[in-house]
file model-v7.txt (compact mmCIF, C-alpha atoms)
# COMPACT_ATOMS: atom_id res chain seq x y z
CA MET A 1 0.00 0.00 0.00
CA ALA A 2 2.65 2.55 1.09
CA ASP A 3 6.15 2.83 2.44
CA VAL A 4 4.66 3.73 5.84
CA GLY A 5 1.07 3.12 7.00
CA ILE A 6 -0.20 4.92 10.11
CA ILE A 7 -2.71 3.83 12.75
CA THR A 8 -2.92 6.66 15.27
CA ASN A 9 -4.91 4.75 17.89
CA ILE A 10 -8.04 2.69 18.45
CA ALA A 11 -9.30 4.31 21.63
CA GLU A 12 -12.78 2.94 20.94
CA ASP A 13 -13.21 0.02 18.54
CA TYR A 14 -16.55 1.31 17.26
CA THR A 15 -18.67 -0.52 14.70
CA ILE A 16 -18.97 0.69 11.12
CA ALA A 17 -20.82 -0.33 7.94
CA GLN A 18 -24.11 -0.70 9.82
CA GLY A 19 -22.53 -2.96 12.43
CA SER A 20 -20.97 -5.42 9.98
CA SER A 21 -17.36 -4.37 10.68
CA SER A 22 -15.23 -2.41 13.13
CA ALA A 23 -12.60 0.31 13.21
CA SER A 24 -9.82 -2.17 13.94
CA LYS A 25 -10.75 -4.32 10.94
CA ALA A 26 -11.03 -1.32 8.63
CA LYS A 27 -7.53 -0.22 9.63
CA LEU A 28 -6.06 -3.64 8.88
CA GLN A 29 -5.29 -2.42 5.37
CA MET A 30 -2.44 -0.35 6.85
CA PHE A 31 -0.59 -3.64 7.33
CA GLU A 32 -0.16 -3.86 3.57
CA SER A 33 2.44 -1.12 3.93
CA LYS A 34 6.15 -1.85 4.17
CA ILE A 35 6.27 -0.38 7.68
CA VAL A 36 3.35 0.16 10.05
CA VAL A 37 3.27 2.99 12.60
CA CYS A 38 0.88 2.25 15.46
CA ASP A 39 0.32 3.24 19.07
CA ILE A 40 1.71 0.51 21.30
CA ASP A 41 -1.57 -0.31 23.07
CA SER A 42 -3.47 -0.98 19.85
CA TYR A 43 -0.52 -2.90 18.42
CA HIS A 44 -0.13 -5.30 21.34
CA GLU A 45 -3.75 -5.59 22.50
CA ILE A 46 -5.54 -5.79 19.14
CA TYR A 47 -3.21 -6.70 16.29
CA TYR A 48 -0.31 -8.56 17.89
CA PRO A 49 -1.41 -9.61 21.39
CA HIS A 50 1.42 -12.11 21.82
CA SER A 51 4.26 -10.15 20.23
CA SER A 52 7.12 -8.18 21.73
CA ALA A 53 9.57 -5.73 20.29
CA SER A 54 12.27 -8.38 20.03
CA GLN A 55 10.02 -10.63 17.92
CA GLN A 56 9.34 -8.10 15.16
CA SER A 57 10.83 -9.11 11.81
CA PHE A 58 10.87 -7.82 8.28
CA HIS A 59 8.94 -8.74 5.11
CA GLN A 60 6.12 -10.92 6.40
CA SER A 61 3.16 -11.36 4.07
CA PHE A 62 -0.23 -9.75 4.65
CA PRO A 63 -2.83 -12.47 5.36
CA PHE A 64 -6.15 -10.97 4.19
CA SER A 65 -7.52 -9.78 0.86
CA ARG A 66 -9.01 -6.35 0.29
CA SER A 67 -12.48 -7.88 -0.08
CA GLN A 68 -12.14 -9.56 3.32
CA LEU A 69 -11.11 -6.26 4.88
CA ALA A 70 -13.98 -4.36 3.29
CA HIS A 71 -16.58 -6.78 4.64
CA GLY A 72 -14.92 -7.43 8.00
CA SER A 73 -14.70 -11.16 7.27
CA SER A 74 -11.12 -11.74 8.39
CA PRO A 75 -11.00 -14.77 10.71
CA SER A 76 -8.90 -12.98 13.30
CA LEU A 77 -7.03 -9.80 14.03
CA HIS A 78 -4.03 -11.83 15.20
CA LEU A 79 -1.66 -11.14 12.33
CA PRO A 80 1.77 -12.64 11.60
CA VAL A 81 4.59 -10.53 13.03
CA LYS A 82 5.42 -7.62 10.72
CA THR A 83 7.74 -4.64 10.70
CA ALA A 84 6.22 -1.99 12.96
CA ASN A 85 7.31 1.14 14.76
CA THR A 86 5.25 1.80 17.86
CA PHE A 87 4.84 4.99 19.89
CA SER A 88 3.53 5.87 23.33
CA ILE A 89 3.40 8.41 26.09
CA GLU A 90 5.85 6.85 28.53
CA GLU A 91 4.14 5.45 31.61
CA GLY A 92 6.45 2.73 32.90
CA GLU A 93 9.61 0.70 32.47
CA ASN A 94 7.75 -2.10 30.65
CA ASP A 95 6.77 0.22 27.81
CA ASN A 96 8.92 -0.99 24.89
CA ALA A 97 7.65 1.45 22.27
CA ASN A 98 10.10 2.59 19.62
CA VAL A 99 9.16 6.25 20.12
CA LYS A 100 8.26 7.56 23.58
CA ALA A 101 7.37 11.01 24.87
CA HIS A 102 8.45 11.88 28.40
CA HIS A 103 8.94 14.93 30.64
CA ILE A 104 5.79 16.39 29.10
CA HIS A 105 4.76 19.94 29.95
CA TYR A 106 1.28 20.70 28.59
CA GLU A 107 0.34 24.29 27.75
CA LEU A 108 -2.51 25.71 25.73
CA HIS A 109 -0.36 27.25 23.01
CA LYS A 110 2.79 25.14 23.23
CA THR A 111 3.45 21.73 24.76
CA SER A 112 7.08 20.69 25.23
CA PHE A 113 8.40 17.16 25.67
CA PHE A 114 11.38 14.91 25.05
CA VAL A 115 11.33 12.16 22.45
CA GLU A 116 13.25 8.92 23.04
CA VAL A 117 13.81 6.74 19.95
CA THR A 118 14.85 3.10 20.37
CA ASP A 119 15.54 0.67 17.50
CA LEU A 120 13.17 2.42 15.11
CA LYS A 121 13.08 0.65 11.73
CA MET A 122 13.70 3.01 8.83
CA ALA A 123 12.58 2.51 5.26
CA ASP A 124 16.19 2.00 4.15
CA GLY A 125 16.59 -0.92 6.58
CA GLU A 126 18.66 0.96 9.17
CA LEU A 127 17.83 1.19 12.88
CA LEU A 128 17.63 4.59 14.57
CA ASN A 129 18.45 5.34 18.20
CA THR A 130 18.37 8.96 19.31
CA SER A 131 16.63 11.55 21.47
CA PHE A 132 15.56 15.16 21.02
CA GLU A 133 13.24 17.85 22.42
CA VAL A 134 10.05 19.08 20.75
CA SER A 135 7.74 22.05 21.31
CA THR A 136 4.44 22.22 19.42
CA PHE A 137 0.71 22.88 19.57
CA ALA A 138 -0.69 19.83 21.41
CA PRO A 139 -2.79 21.04 24.36
CA ALA A 140 -4.17 17.63 25.40
CA GLN A 141 -3.02 14.01 25.50
CA HIS A 142 -4.87 12.93 22.37
CA HIS A 143 -3.22 15.77 20.44
CA LEU A 144 0.18 14.62 21.68
CA GLU A 145 -0.57 11.05 20.57
CA ASN A 146 -1.31 12.35 17.06
CA THR A 147 1.95 14.32 17.15
CA LEU A 148 3.87 11.19 18.12
CA SER A 149 2.36 9.28 15.20
CA ALA A 150 3.58 12.01 12.84
CA ILE A 151 7.05 12.00 14.41
CA THR A 152 7.28 8.20 14.18
CA ALA A 153 6.16 8.15 10.53
CA SER A 154 8.59 10.94 9.61
CA LEU A 155 11.52 9.18 11.28
CA SER A 156 10.56 5.91 9.55
CA LEU A 157 10.85 7.68 6.20
CA GLY A 158 14.25 9.12 7.08
CA THR A 159 13.14 12.73 7.58
CA PRO A 160 15.93 14.75 9.29
CA ILE A 161 15.24 15.42 12.96
CA GLU A 162 15.94 19.13 12.44
CA SER A 163 13.13 19.31 9.88
CA ILE A 164 10.71 17.50 12.21
CA VAL A 165 11.48 19.81 15.14
CA LYS A 166 11.20 22.96 13.01
CA GLY A 167 7.96 21.85 11.37
CA LEU A 168 6.32 21.07 14.71
CA GLU A 169 7.57 24.33 16.22
CA ASN A 170 5.70 26.21 13.49
CA PHE A 171 2.50 24.14 13.79
CA ARG A 172 -0.48 26.14 15.05
CA GLY A 173 -3.28 23.61 14.72
CA LEU A 174 -5.64 22.82 11.85
CA PRO A 175 -8.60 25.13 11.25
CA GLY A 176 -11.69 22.98 11.11
CA ARG A 177 -10.17 20.31 13.37
CA THR A 178 -8.23 21.54 16.41
CA SER A 179 -7.32 25.21 16.64
CA LEU A 180 -7.49 28.25 18.91
CA LEU A 181 -9.80 31.22 18.42
CA LYS A 182 -9.41 34.41 20.45
CA ILE A 183 -12.50 36.58 21.04
CA ARG A 184 -11.54 39.44 23.35
CA LYS A 185 -10.87 37.83 26.74
CA MET A 186 -12.17 34.42 25.65
CA THR A 187 -10.00 31.68 24.23
CA ILE A 188 -11.99 29.06 22.33
CA ILE A 189 -10.36 25.68 21.78
CA GLU A 190 -12.15 24.36 18.72
CA GLU A 191 -12.50 20.60 18.26
CA ILE A 192 -14.48 20.43 15.03
CA ASN A 193 -14.17 16.72 14.50
CA PRO A 194 -16.72 14.57 12.67
CA GLY A 195 -15.48 11.39 14.33
CA ILE A 196 -14.59 12.46 17.87
CA ASN A 197 -15.27 9.75 20.46
CA VAL A 198 -16.01 9.70 24.18
CA THR A 199 -12.39 8.98 25.12
CA ALA A 200 -11.19 12.06 23.24
CA VAL A 201 -13.94 14.17 24.84
CA LYS A 202 -12.84 13.09 28.32
CA LYS A 203 -9.19 13.90 27.58
CA ALA A 204 -10.09 17.30 26.17
CA VAL A 205 -12.25 18.13 29.20
CA ASP A 206 -9.42 17.09 31.53
CA MET A 207 -7.25 19.56 29.65
CA VAL A 208 -9.61 22.55 29.89
CA LYS A 209 -10.18 21.94 33.62
CA ASN A 210 -6.63 23.17 34.22
CA TYR A 211 -7.43 26.67 33.00
CA GLU A 212 -9.30 29.51 34.69
CA LYS A 213 -13.05 29.90 34.22
CA PRO A 214 -13.54 26.88 31.92
CA ALA A 215 -16.63 25.98 29.91
CA LEU A 216 -17.63 23.18 27.56
CA ILE A 217 -19.89 23.69 24.55
CA LEU A 218 -20.71 20.28 23.11
CA GLY A 219 -22.97 19.08 20.34
CA GLY A 220 -23.18 18.55 16.62
CA SER A 221 -25.00 16.74 13.87
CA TYR A 222 -25.73 13.17 12.90
CA GLY A 223 -24.69 11.32 9.79
CA VAL A 224 -21.37 13.12 9.21
CA THR A 225 -19.32 9.91 9.55
CA CYS A 226 -19.93 6.18 9.34
CA GLU A 227 -19.73 5.87 13.14
CA GLU A 228 -21.76 7.65 15.79
CA ILE A 229 -20.69 8.58 19.30
CA ASP A 230 -21.69 6.47 22.32
CA GLU A 231 -24.38 8.78 23.72
CA GLU A 232 -25.13 6.67 26.79
CA SER A 233 -21.51 6.75 27.91
CA LEU A 234 -21.11 10.43 27.07
CA SER A 235 -24.31 11.52 28.84
CA ASN A 236 -23.23 9.61 31.96
CA PHE A 237 -19.86 11.39 31.88
CA LEU A 238 -21.55 14.78 31.51
CA ASP A 239 -23.88 14.04 34.42
CA HIS A 240 -20.82 13.78 36.66
CA LEU A 241 -19.09 16.87 35.28
CA ASP A 242 -19.17 19.41 38.11
CA ASP A 243 -16.25 21.80 37.64
CA VAL A 244 -16.77 22.90 34.03
CA PHE A 245 -19.74 25.03 32.90
CA LEU A 246 -21.66 22.98 30.31
CA ILE A 247 -23.79 24.05 27.35
CA LEU A 248 -25.22 21.57 24.85
CA THR A 249 -26.04 22.46 21.24
CA GLY A 250 -27.27 20.98 17.98
CA ASP A 251 -29.11 17.73 17.38
CA LEU A 252 -26.52 15.72 19.28
CA GLY A 253 -26.66 18.08 22.24
CA LEU A 254 -30.44 17.84 22.41
CA SER A 255 -30.32 14.05 22.38
CA LEU A 256 -27.67 14.00 25.12
CA ARG A 257 -29.73 16.36 27.27
CA GLU A 258 -32.71 14.02 27.06
CA LYS A 259 -30.55 11.14 28.33
CA MET A 260 -29.06 13.07 31.25
CA VAL A 261 -30.29 13.30 34.83
CA LYS A 262 -29.18 16.91 35.00
CA SER A 263 -30.69 19.57 32.76
CA PRO A 264 -27.78 21.62 31.42
CA VAL A 265 -28.21 24.77 29.36
CA TYR A 266 -29.16 24.11 25.73
CA HIS A 267 -28.94 26.39 22.69
CA ASP A 268 -29.71 25.20 19.18
CA LYS A 269 -27.24 27.70 17.68
CA ILE A 270 -23.53 27.85 18.47
CA GLU A 271 -23.57 31.66 18.37
CA MET A 272 -26.09 31.68 21.23
CA ALA A 273 -23.99 29.21 23.22
CA ILE A 274 -20.86 31.35 22.81
CA ASN A 275 -22.75 34.49 23.79
CA HIS A 276 -24.03 32.67 26.88
CA VAL A 277 -20.56 31.73 28.15
CA LYS A 278 -19.42 35.29 27.39
CA ASP A 279 -22.24 36.64 29.55
CA GLU A 280 -21.19 34.23 32.33
CA GLY A 281 -17.71 35.78 32.27
CA LEU A 282 -16.01 32.50 31.32
CA GLU A 283 -12.65 32.71 29.59
CA ASN A 284 -11.45 29.29 28.39
CA ILE A 285 -14.02 27.56 26.21
CA LEU A 286 -13.74 24.04 24.83
CA LEU A 287 -15.97 23.78 21.77
CA ILE A 288 -16.51 20.14 20.73
CA TYR A 289 -18.73 19.83 17.70
CA ARG A 290 -19.27 16.72 15.59
CA SER A 291 -19.58 18.19 12.15
CA ASN A 292 -17.68 18.78 8.97
CA PHE A 293 -15.92 22.15 8.76
CA ARG A 294 -18.00 23.30 5.80
CA GLU A 295 -21.17 23.15 7.89
CA LEU A 296 -19.70 24.96 10.88
CA SER A 297 -17.99 27.64 8.79
CA ARG A 298 -21.42 28.96 7.86
CA ARG A 299 -22.04 30.21 11.41

call {"tool": "encode", "arguments": {"input": "model-v7.txt", "output": "structure tokens"}}
result
Amino acid sequence: MADVGIITNIAEDYTIAQGSSSASKAKLQMFESKIVVCDIDSYHEIYYPHSSASQQSFHQSFPFSRSQLAHGSSPSLHLPVKTANTFSIEEGENDNANVKAHHIHYELHKTSFFVEVTDLKMADGELLNTSFEVSTFAPAQHHLENTLSAITASLSLGTPIESIVKGLENFRGLPGRTSLLKIRKMTIIEEINPGINVTAVKKAVDMVKNYEKPALILGGSYGVTCEEIDEESLSNFLDHLDDVFLILTGDLGLSLREKMVKSPVYHDKIEMAINHVKDEGLENILLIYRSNFRELSRR
């Protein structure tokens, strides 16, 4: 398929194709690539549950056809050992990922961390062992995980470390996905993501809790991706959210409100929700909206 295939993570192995397949099966096609980049948890727990870093070897064949992948009919996700470079946020001595982030200092505009590279397999067949420091826009853990996937893929392709560091230093987020918007005293952290899941919502909320006068505006539309969010799990999480001011919006927000024990503020328009938090004197606003950017840009 490619020189390097990337699987960022499988935080929630949601169903797709009307329940006939799953995210993990859909992403199996990445294993047709010469090298696979994958977060270490997904790699060991889903694709190679019995493997270890020392067992990885080169040039193993891919076991399933494209038609099997498309219909989710593969007999198992336990694949033969294949060349992979894994990444993780370092949590313990038993973490044998090829690329690890440690000494992480999260900030809203810039997060700094050290990168430790161990026996990373490069496209030219060489192994890379090195370390370096990075500073980039990655305000929450799930943003950092995406950054690590990009670093790992770039190193696998032989991209110079200096180019990686410089590129990340200049990164300011992606408008329409994750970016910052300043409106007078308010800072709005925009997560305009059609496929955001409950795990990512929780991580983002944990991030905004650390800032003064936080608020969460959450909602969106249906039918923008092949998978929908777990509303039961999300509504339960929101019911126990006490230290962040909550406003729900859109069709998704209305449905969540109906499932909750609490009755949070609801506005059908995002403009009204933003004006509400402004009137409350809140300053750091996390806006999570399941939509495509074209729809939201009309507001």

call {"tool": "closest_residue", "arguments": {"input": "model-v7.txt", "among": "A:Ser255, A:Thr199, A:Ser221, A:Ser291", "to": "A:Ala140", "atoms": "all atoms listed in the file"}}
result
A:Thr199

call {"tool": "atom_distance", "arguments": {"input": "model-v7.txt", "atom1": "atom CA of A:Thr178", "atom2": "atom CA of A:Glu145"}}
result
13.6 Å

call {"tool": "residues_around", "arguments": {"input": "model-v7.txt", "residues": "A:Pro214", "least_positions_apart": "3", "cutoff": "9 Å", "atoms": "only C-alpha atoms", "output": "list in words"}}
result
Val208, Lys209, Asn210, Tyr211, Asp243, Val244, Phe245, Leu282, Glu283, Asn284, Ile285 and Leu286 of chain A

call {"tool": "atom_distance", "arguments": {"input": "model-v7.txt", "atom1": "atom CA of A:Asp95", "atom2": "atom CA of A:Ser42"}}
result
13.0 Å

call {"tool": "residues_around", "arguments": {"input": "model-v7.txt", "residues": "stretch 103-106 of chain A", "least_positions_apart": "6", "cutoff": "12 Å", "atoms": "only C-alpha atoms", "output": "list in words"}}
result
Ile89, Glu90, Glu91, Ser112, Phe113, Phe114, Val115, Glu116, Phe132, Glu133, Val134, Ser135, Thr136, Phe137, Ala138, Pro139, Ala140, Gln141, His142, His143, Leu144, Glu145, Asp206, Met207, Val208, Asn210 and Tyr211 of chain A

call {"tool": "closest_residue", "arguments": {"input": "model-v7.txt", "among": "A:Asn98, A:Ile164, A:Asn146, A:Phe171", "to": "A:Lys110", "atoms": "only C-alpha atoms"}}
result
A:Phe171

call {"tool": "residues_around", "arguments": {"input": "model-v7.txt", "residues": "stretch 268-274 of chain A", "least_positions_apart": "2", "cutoff": "6 Å", "atoms": "all atoms listed in the file", "output": "PyMOL selection string"}}
result
chain A and resi 249-250+276-277
